[in-house]
Amino acid sequence: MTIAKEKARVAGGPQHGLTADAYRSEDIWQRECQTVLSKNWVFIGFAHQIANPGDANPVSCAGLPLLTVRGQDGSIQVFHNVCLHRCMTLVDKPKNVGKLIRCPYHAWAYDLEGRLRAAPHFAGTGKQEFDGFDLKEHRLKPVRTHVWHDWIFVNLDGNAPEFEDYAGSLINRLEGIDYGKLEPIGLLDFGEIDTNWKLIMENFIEPYHVQFVHSSTTDQPLEDHYTITDGNCLGSAVDLKEEVGTSGSLAVSSRYLTLYPNFILGRYFPDQLGVYLNVPVGPGKMRQYRALYTTEGQKLSEEEIQGLKDLWWDVHKEDHEMVERMYEGRKSPVADDGGLLSPAWEDSVRAFQDMIERDLASDGTSPGTGMAAGAPANA
C-alpha cells in the first residue's frame with residue numbers, strides 16, 4: 001500500500017480547509033500582518049540583487065515599507081524605509097546610493113549602517129544640531145535580518161527563534177547541495193497576481209493538481225509523489241526511476257519544499273534550484289518572482305537558460321490561473337466551510353492552515369478562519 005493510500009485509509013474522512021474569509025477579509029489580512037508576517041522569519045529578497053556596497057532595494061513585508069542595503073563591509077541589513085524627519089520613504093526603486101542614503105525631501109542623509117550623518121539647516125541656516133538634538137543619537141530603525149545563502153529573511157517583532165533552529169527541518173532536507181557553487185542564472189518577474197498569497201503557498205505544497213494542471217509542462221506521475229510535513233517545512237516530493245531533460249518538460253526527481261510562511265524552494269535533481277519570492281500585498285493581491293539557480297557548477301548556454309525561463313514561465317502561469325479562480329470562488333457561500341482536503345495529498349496543506357490559525361489566534365482574538373484541524377467533513 002502506498003503512503004498516500006495509507007493516509008486516506010486512516011483519515012476517517014476529508015478535512016475542511018480555511019473559510020472563505022481567511023482569504024478575502026481585510027480584517028484577517030491586517031491580523032496576518034500583525035501575527036503571521038511579523039512573528040516568523042519572512043522571505044523578502046535575493047542577496048544577488050544587491051551585490052555591491054551601496055546597493056539598496058525597497059521591499060514590502062506585512063504592508064510595511066522596508067529597505068535592504070548592502071554595507072561597505074559586504075554585509076546586508078534591512079531597515080524601515082522611512083526617514084526620521086518627516087517619515088518619507090527614502091528609496092522608491094532599486095539603486096546604488098553610494099555611501100549615503102539621502103532623503104529627497106530635505107536631504108537628511110544616513111550611512112549604510114543607518115546612522116544619521118546630516119540634517120541640513122535643521123536648526124537654522126547652516127546649522128543642524130542644537131540642545132536636545134544630536135545626530136549621533138539618531139539612526140534608521142533596523143529590522144532583525146538573516147541572510148541564508150542568496151535569500152534575505154526578516155523577523156519584524158524580533159522574537160522568532162534563531163534562523164537555523166526555525167529553518168532546521170528545511171535545511172536538513174537539502175543535504176548534499178554545495179552552496180559554494182550556487183549560481184543564479186535568471187529571474188522571472190510575474191508582477192501582481194489577483195489572489196491571496198496563501199493560495200499560492202497551498203498550491204505549491206500539494207502535488208494533487210500536477211497531473212491535471214501541468215500535463216503539458218511536467219511528466220511526474222501522481223503515484224510517484226508523497227507529501228512532507230516536517231515542522232516549519234511543508235511540501236511534497238517525487239522520486240522518478242527515469243529522469244529526462246532539463247527544458248521543455250519537467251521530468252526529474254524533485255523536492256517541493258516551503259518554509260512557513262512564504263518561502264518556496266524547488267530542488268530539481270541533479271543540479272537545479274528554483275526559489276519563489278511571494279510578497280503578500282493585501283487580501284486579494286500579491287507579487288511573485290522566481291530565481292533560477294544551478295548548483296553543481298553547471299554552465300548553461302543562453303539558449304538553455306532561455307528554455308528554462310520559458311518552461312517555468314508557463315508552469316507559473318498555469319498555476320496563476322488556478323489560484324486566481326480559487327480566490328474568485330471564495331466569493332460564494334459554497335466556500336464558507338473551506339471545501340474539502342484530500343487526506344492522501346493535502347495533509348500538508350492542512351498543516352499550513354493549522355499554522356495560520358495558530359498565529360492568528362495568538363493576537364488574543366478568535367481566529368474565525370475555519371474548523372479545527374481534524375474536523376471531519378460531516379461534522
# chains A, B, ... in the order shown; residues from 1 in each chain; ligands from 1
call {"tool": "residues_around", "arguments": {"residues": "A:Ser25", "least_positions_apart": "3", "cutoff": "12 Å", "atoms": "only C-alpha atoms", "output": "PyMOL selection string"}}
result
chain A and resi 19-22+28-32+196+282-284+327+330-331+368-369
call {"tool": "select_by_dssp", "arguments": {"residues": "stretch 107-338 of chain A", "states": "strand (DSSP E or B)", "output": "ChimeraX atom specification"}}
result
/A:109-111,115-118,124,127,130,133,139,142-148,151-155,183-193,218,225-230,233-238,244,250-251,254-259,263-268,272-282,285-294
call {"tool": "select_by_dssp", "arguments": {"residues": "stretch 144-242 of chain A", "states": "alpha helix (DSSP H)", "output": "PyMOL selection string"}}
result
chain A and resi 163-166+168-172+197-205+210-213
call {"tool": "write_last_selection", "arguments": {"atoms": "N, CA and C atoms", "output": "mmCIF file, in the first residue's frame"}}
result
data_model
loop_
_atom_site.group_PDB
_atom_site.id
_atom_site.type_symbol
_atom_site.label_atom_id
_atom_site.label_comp_id
_atom_site.auth_asym_id
_atom_site.auth_seq_id
_atom_site.Cartn_x
_atom_site.Cartn_y
_atom_site.Cartn_z
ATOM 1 N N PHE A 163 17.426 31.624 13.299
ATOM 2 C CA PHE A 163 17.005 31.138 11.994
ATOM 3 C C PHE A 163 17.372 29.665 11.786
ATOM 4 N N GLU A 164 18.559 29.263 12.193
ATOM 5 C CA GLU A 164 18.981 27.877 11.980
ATOM 6 C C GLU A 164 18.066 26.893 12.695
ATOM 7 N N ASP A 165 17.518 27.292 13.837
ATOM 8 C CA ASP A 165 16.559 26.442 14.534
ATOM 9 C C ASP A 165 15.198 26.481 13.841
ATOM 10 N N TYR A 166 14.778 27.682 13.481
ATOM 11 C CA TYR A 166 13.476 27.869 12.835
ATOM 12 C C TYR A 166 13.404 27.086 11.521
ATOM 13 N N GLY A 168 15.493 24.590 10.558
ATOM 14 C CA GLY A 168 16.272 23.366 10.623
ATOM 15 C C GLY A 168 15.710 22.219 9.806
ATOM 16 N N SER A 169 14.387 22.040 9.819
ATOM 17 C CA SER A 169 13.799 20.910 9.097
ATOM 18 C C SER A 169 13.979 21.076 7.589
ATOM 19 N N LEU A 170 13.907 22.303 7.087
ATOM 20 C CA LEU A 170 14.160 22.552 5.669
ATOM 21 C C LEU A 170 15.632 22.337 5.340
ATOM 22 N N ILE A 171 16.506 22.912 6.148
ATOM 23 C CA ILE A 171 17.944 22.801 5.901
ATOM 24 C C ILE A 171 18.368 21.338 5.837
ATOM 25 N N ASN A 172 17.832 20.522 6.741
ATOM 26 C CA ASN A 172 18.201 19.103 6.771
ATOM 27 C C ASN A 172 17.759 18.370 5.510
ATOM 28 N N TRP A 197 -2.201 35.374 -1.062
ATOM 29 C CA TRP A 197 -0.884 34.742 -1.027
ATOM 30 C C TRP A 197 -0.916 33.316 -0.493
ATOM 31 N N LYS A 198 -1.851 33.019 0.397
ATOM 32 C CA LYS A 198 -1.912 31.670 0.976
ATOM 33 C C LYS A 198 -2.293 30.632 -0.080
ATOM 34 N N LEU A 199 -3.080 31.025 -1.074
ATOM 35 C CA LEU A 199 -3.463 30.084 -2.118
ATOM 36 C C LEU A 199 -2.264 29.689 -2.970
ATOM 37 N N ILE A 200 -1.344 30.613 -3.193
ATOM 38 C CA ILE A 200 -0.095 30.281 -3.892
ATOM 39 C C ILE A 200 0.706 29.259 -3.084
ATOM 40 N N MET A 201 0.803 29.483 -1.773
ATOM 41 C CA MET A 201 1.548 28.559 -0.924
ATOM 42 C C MET A 201 0.899 27.175 -0.922
ATOM 43 N N GLU A 202 -0.398 27.136 -0.748
ATOM 44 C CA GLU A 202 -1.102 25.849 -0.700
ATOM 45 C C GLU A 202 -0.986 25.107 -2.022
ATOM 46 N N ASN A 203 -1.046 25.837 -3.119
ATOM 47 C CA ASN A 203 -0.927 25.215 -4.436
ATOM 48 C C ASN A 203 0.428 24.535 -4.605
ATOM 49 N N PHE A 204 1.489 25.191 -4.108
ATOM 50 C CA PHE A 204 2.818 24.607 -4.241
ATOM 51 C C PHE A 204 2.997 23.410 -3.320
ATOM 52 N N ILE A 205 2.394 23.472 -2.139
ATOM 53 C CA ILE A 205 2.599 22.434 -1.136
ATOM 54 C C ILE A 205 2.024 21.087 -1.572
ATOM 55 N N VAL A 210 -0.878 18.415 -10.034
ATOM 56 C CA VAL A 210 0.194 18.456 -11.031
ATOM 57 C C VAL A 210 -0.196 17.762 -12.334
ATOM 58 N N GLN A 211 -0.744 16.550 -12.250
ATOM 59 C CA GLN A 211 -1.016 15.819 -13.487
ATOM 60 C C GLN A 211 -2.182 16.411 -14.272
ATOM 61 N N PHE A 212 -2.980 17.262 -13.630
ATOM 62 C CA PHE A 212 -4.107 17.890 -14.316
ATOM 63 C C PHE A 212 -3.740 19.269 -14.860
ATOM 64 N N VAL A 213 -3.139 20.094 -14.010
ATOM 65 C CA VAL A 213 -2.829 21.489 -14.388
ATOM 66 C C VAL A 213 -1.587 21.563 -15.258
#
call {"tool": "closest_residue", "arguments": {"among": "A:Asp359, A:Thr145, A:Glu129, A:Val91", "to": "A:Glu162", "atoms": "only C-alpha atoms"}}
result
A:Thr145
call {"tool": "closest_residue", "arguments": {"among": "A:Val82, A:Met355, A:Leu311, A:Val147", "to": "A:Tyr110", "atoms": "only C-alpha atoms"}}
result
A:Val82
call {"tool": "residues_around", "arguments": {"residues": "A:Arg290", "least_positions_apart": "5", "cutoff": "12 Å", "atoms": "only C-alpha atoms", "output": "PyMOL selection string"}}
result
chain A and resi 45-46+151+184-191+263-266+273-279+308-309+312-313+315-316
call {"tool": "write_last_selection", "arguments": {"atoms": "N, CA and C atoms", "output": "PDB file, in the first residue's frame"}}
result
ATOM      1  N   GLY A  45      13.700  38.922  -0.131  1.00  0.00           N
ATOM      2  CA  GLY A  45      14.501  39.318  -1.285  1.00  0.00           C
ATOM      3  C   GLY A  45      15.708  38.435  -1.526  1.00  0.00           C
ATOM      4  N   PHE A  46      16.371  38.699  -2.657  1.00  0.00           N
ATOM      5  CA  PHE A  46      17.539  37.945  -3.098  1.00  0.00           C
ATOM      6  C   PHE A  46      18.796  38.781  -2.893  1.00  0.00           C
ATOM      7  N   TRP A 151      19.310  34.312   0.115  1.00  0.00           N
ATOM      8  CA  TRP A 151      17.928  34.622   0.459  1.00  0.00           C
ATOM      9  C   TRP A 151      17.862  35.432   1.755  1.00  0.00           C
ATOM     10  N   PRO A 184      22.958  31.989  -9.476  1.00  0.00           N
ATOM     11  CA  PRO A 184      21.712  32.457 -10.094  1.00  0.00           C
ATOM     12  C   PRO A 184      21.893  32.626 -11.593  1.00  0.00           C
ATOM     13  N   ILE A 185      20.963  32.086 -12.363  1.00  0.00           N
ATOM     14  CA  ILE A 185      21.073  32.166 -13.818  1.00  0.00           C
ATOM     15  C   ILE A 185      19.905  32.911 -14.455  1.00  0.00           C
ATOM     16  N   GLY A 186      18.931  33.310 -13.658  1.00  0.00           N
ATOM     17  CA  GLY A 186      17.810  34.041 -14.237  1.00  0.00           C
ATOM     18  C   GLY A 186      16.795  34.406 -13.184  1.00  0.00           C
ATOM     19  N   LEU A 187      16.019  35.454 -13.459  1.00  0.00           N
ATOM     20  CA  LEU A 187      14.968  35.905 -12.549  1.00  0.00           C
ATOM     21  C   LEU A 187      13.726  36.221 -13.361  1.00  0.00           C
ATOM     22  N   LEU A 188      12.604  35.640 -12.958  1.00  0.00           N
ATOM     23  CA  LEU A 188      11.321  35.899 -13.595  1.00  0.00           C
ATOM     24  C   LEU A 188      10.486  36.805 -12.696  1.00  0.00           C
ATOM     25  N   ASP A 189       9.912  37.838 -13.264  1.00  0.00           N
ATOM     26  CA  ASP A 189       9.060  38.784 -12.538  1.00  0.00           C
ATOM     27  C   ASP A 189       7.641  38.638 -13.061  1.00  0.00           C
ATOM     28  N   PHE A 190       6.766  38.096 -12.233  1.00  0.00           N
ATOM     29  CA  PHE A 190       5.391  37.852 -12.648  1.00  0.00           C
ATOM     30  C   PHE A 190       4.453  39.010 -12.307  1.00  0.00           C
ATOM     31  N   GLY A 191       4.965  40.040 -11.642  1.00  0.00           N
ATOM     32  CA  GLY A 191       4.133  41.183 -11.305  1.00  0.00           C
ATOM     33  C   GLY A 191       3.056  40.820 -10.299  1.00  0.00           C
ATOM     34  N   PHE A 263       8.261  31.180   2.085  1.00  0.00           N
ATOM     35  CA  PHE A 263       9.432  30.806   1.288  1.00  0.00           C
ATOM     36  C   PHE A 263       9.162  29.501   0.549  1.00  0.00           C
ATOM     37  N   ILE A 264       9.480  29.488  -0.748  1.00  0.00           N
ATOM     38  CA  ILE A 264       9.303  28.300  -1.569  1.00  0.00           C
ATOM     39  C   ILE A 264      10.607  27.983  -2.267  1.00  0.00           C
ATOM     40  N   LEU A 265      11.016  26.700  -2.185  1.00  0.00           N
ATOM     41  CA  LEU A 265      12.217  26.234  -2.866  1.00  0.00           C
ATOM     42  C   LEU A 265      11.916  24.923  -3.564  1.00  0.00           C
ATOM     43  N   GLY A 266      12.219  24.893  -4.854  1.00  0.00           N
ATOM     44  CA  GLY A 266      12.117  23.659  -5.609  1.00  0.00           C
ATOM     45  C   GLY A 266      13.505  23.149  -5.954  1.00  0.00           C
ATOM     46  N   LEU A 273      17.967  24.538  -8.804  1.00  0.00           N
ATOM     47  CA  LEU A 273      17.043  25.032  -7.777  1.00  0.00           C
ATOM     48  C   LEU A 273      16.188  26.146  -8.379  1.00  0.00           C
ATOM     49  N   GLY A 274      15.013  26.280  -7.829  1.00  0.00           N
ATOM     50  CA  GLY A 274      14.175  27.439  -8.113  1.00  0.00           C
ATOM     51  C   GLY A 274      13.636  27.964  -6.803  1.00  0.00           C
ATOM     52  N   VAL A 275      13.712  29.270  -6.590  1.00  0.00           N
ATOM     53  CA  VAL A 275      13.209  29.876  -5.349  1.00  0.00           C
ATOM     54  C   VAL A 275      12.199  30.952  -5.713  1.00  0.00           C
ATOM     55  N   TYR A 276      11.036  30.871  -5.063  1.00  0.00           N
ATOM     56  CA  TYR A 276       9.962  31.834  -5.309  1.00  0.00           C
ATOM     57  C   TYR A 276       9.992  32.890  -4.209  1.00  0.00           C
ATOM     58  N   LEU A 277       9.881  34.148  -4.608  1.00  0.00           N
ATOM     59  CA  LEU A 277       9.629  35.241  -3.668  1.00  0.00           C
ATOM     60  C   LEU A 277       8.158  35.614  -3.793  1.00  0.00           C
ATOM     61  N   ASN A 278       7.401  35.314  -2.749  1.00  0.00           N
ATOM     62  CA  ASN A 278       5.969  35.599  -2.702  1.00  0.00           C
ATOM     63  C   ASN A 278       5.732  36.761  -1.743  1.00  0.00           C
ATOM     64  N   VAL A 279       5.237  37.865  -2.272  1.00  0.00           N
ATOM     65  CA  VAL A 279       5.068  39.084  -1.489  1.00  0.00           C
ATOM     66  C   VAL A 279       3.577  39.350  -1.287  1.00  0.00           C
ATOM     67  N   LEU A 308      14.762  27.200 -19.980  1.00  0.00           N
ATOM     68  CA  LEU A 308      14.304  27.031 -18.600  1.00  0.00           C
ATOM     69  C   LEU A 308      13.365  28.159 -18.194  1.00  0.00           C
ATOM     70  N   LYS A 309      13.702  29.384 -18.580  1.00  0.00           N
ATOM     71  CA  LYS A 309      12.830  30.517 -18.259  1.00  0.00           C
ATOM     72  C   LYS A 309      11.448  30.324 -18.889  1.00  0.00           C
ATOM     73  N   TRP A 312       9.490  27.578 -16.973  1.00  0.00           N
ATOM     74  CA  TRP A 312       8.968  27.978 -15.672  1.00  0.00           C
ATOM     75  C   TRP A 312       7.939  29.099 -15.787  1.00  0.00           C
ATOM     76  N   TRP A 313       8.067  29.932 -16.795  1.00  0.00           N
ATOM     77  CA  TRP A 313       7.027  30.936 -17.026  1.00  0.00           C
ATOM     78  C   TRP A 313       5.694  30.239 -17.304  1.00  0.00           C
ATOM     79  N   VAL A 315       4.787  27.143 -16.492  1.00  0.00           N
ATOM     80  CA  VAL A 315       4.318  26.425 -15.301  1.00  0.00           C
ATOM     81  C   VAL A 315       3.640  27.390 -14.329  1.00  0.00           C
ATOM     82  N   HIS A 316       4.273  28.530 -14.072  1.00  0.00           N
ATOM     83  CA  HIS A 316       3.705  29.501 -13.141  1.00  0.00           C
ATOM     84  C   HIS A 316       2.380  30.053 -13.652  1.00  0.00           C
TER      85      HIS A 316
END
call {"tool": "residues_around", "arguments": {"residues": "stretch 253-262 of chain A", "least_positions_apart": "4", "cutoff": "8 Å", "atoms": "only C-alpha atoms", "output": "PyMOL selection string"}}
result
chain A and resi 36-37+40-43+167+170+201+204-205+232-240+243+266-269+277-279+352
call {"tool": "write_last_selection", "arguments": {"atoms": "C-alpha atoms", "output": "PDB file, in the first residue's frame"}}
result
ATOM      1  CA  VAL A  36       1.866  35.542  10.690  1.00  0.00           C
ATOM      2  CA  LEU A  37       4.063  38.062   8.855  1.00  0.00           C
ATOM      3  CA  ASN A  40       8.017  34.454  11.850  1.00  0.00           C
ATOM      4  CA  TRP A  41      11.011  34.591   9.516  1.00  0.00           C
ATOM      5  CA  VAL A  42       9.601  36.046   6.299  1.00  0.00           C
ATOM      6  CA  PHE A  43      11.419  35.895   2.968  1.00  0.00           C
ATOM      7  CA  ALA A 167      14.528  26.516   9.421  1.00  0.00           C
ATOM      8  CA  LEU A 170      14.160  22.552   5.669  1.00  0.00           C
ATOM      9  CA  MET A 201       1.548  28.559  -0.924  1.00  0.00           C
ATOM     10  CA  PHE A 204       2.818  24.607  -4.241  1.00  0.00           C
ATOM     11  CA  ILE A 205       2.599  22.434  -1.136  1.00  0.00           C
ATOM     12  CA  ASN A 232       8.107  24.570   9.572  1.00  0.00           C
ATOM     13  CA  CYS A 233       8.919  22.709   6.342  1.00  0.00           C
ATOM     14  CA  LEU A 234       5.888  21.586   4.321  1.00  0.00           C
ATOM     15  CA  GLY A 235       5.586  20.346   0.761  1.00  0.00           C
ATOM     16  CA  SER A 236       5.929  17.263  -1.371  1.00  0.00           C
ATOM     17  CA  ALA A 237       8.463  15.240  -3.331  1.00  0.00           C
ATOM     18  CA  VAL A 238       8.689  12.906  -6.277  1.00  0.00           C
ATOM     19  CA  ASP A 239      11.270  10.204  -6.925  1.00  0.00           C
ATOM     20  CA  LEU A 240      11.471   9.037 -10.520  1.00  0.00           C
ATOM     21  CA  GLU A 243      14.825  11.216 -15.478  1.00  0.00           C
ATOM     22  CA  GLY A 266      12.117  23.659  -5.609  1.00  0.00           C
ATOM     23  CA  ARG A 267      15.052  21.276  -5.960  1.00  0.00           C
ATOM     24  CA  TYR A 268      15.355  19.514  -9.309  1.00  0.00           C
ATOM     25  CA  PHE A 269      17.902  16.749  -9.451  1.00  0.00           C
ATOM     26  CA  LEU A 277       9.629  35.241  -3.668  1.00  0.00           C
ATOM     27  CA  ASN A 278       5.969  35.599  -2.702  1.00  0.00           C
ATOM     28  CA  VAL A 279       5.068  39.084  -1.489  1.00  0.00           C
ATOM     29  CA  PHE A 352      -0.014  25.006   6.721  1.00  0.00           C
TER      30      PHE A 352
END
call {"tool": "atom_distance", "arguments": {"atom1": "atom CA of A:Asn57", "atom2": "atom CA of A:Ser38"}}
result
20.0 Å
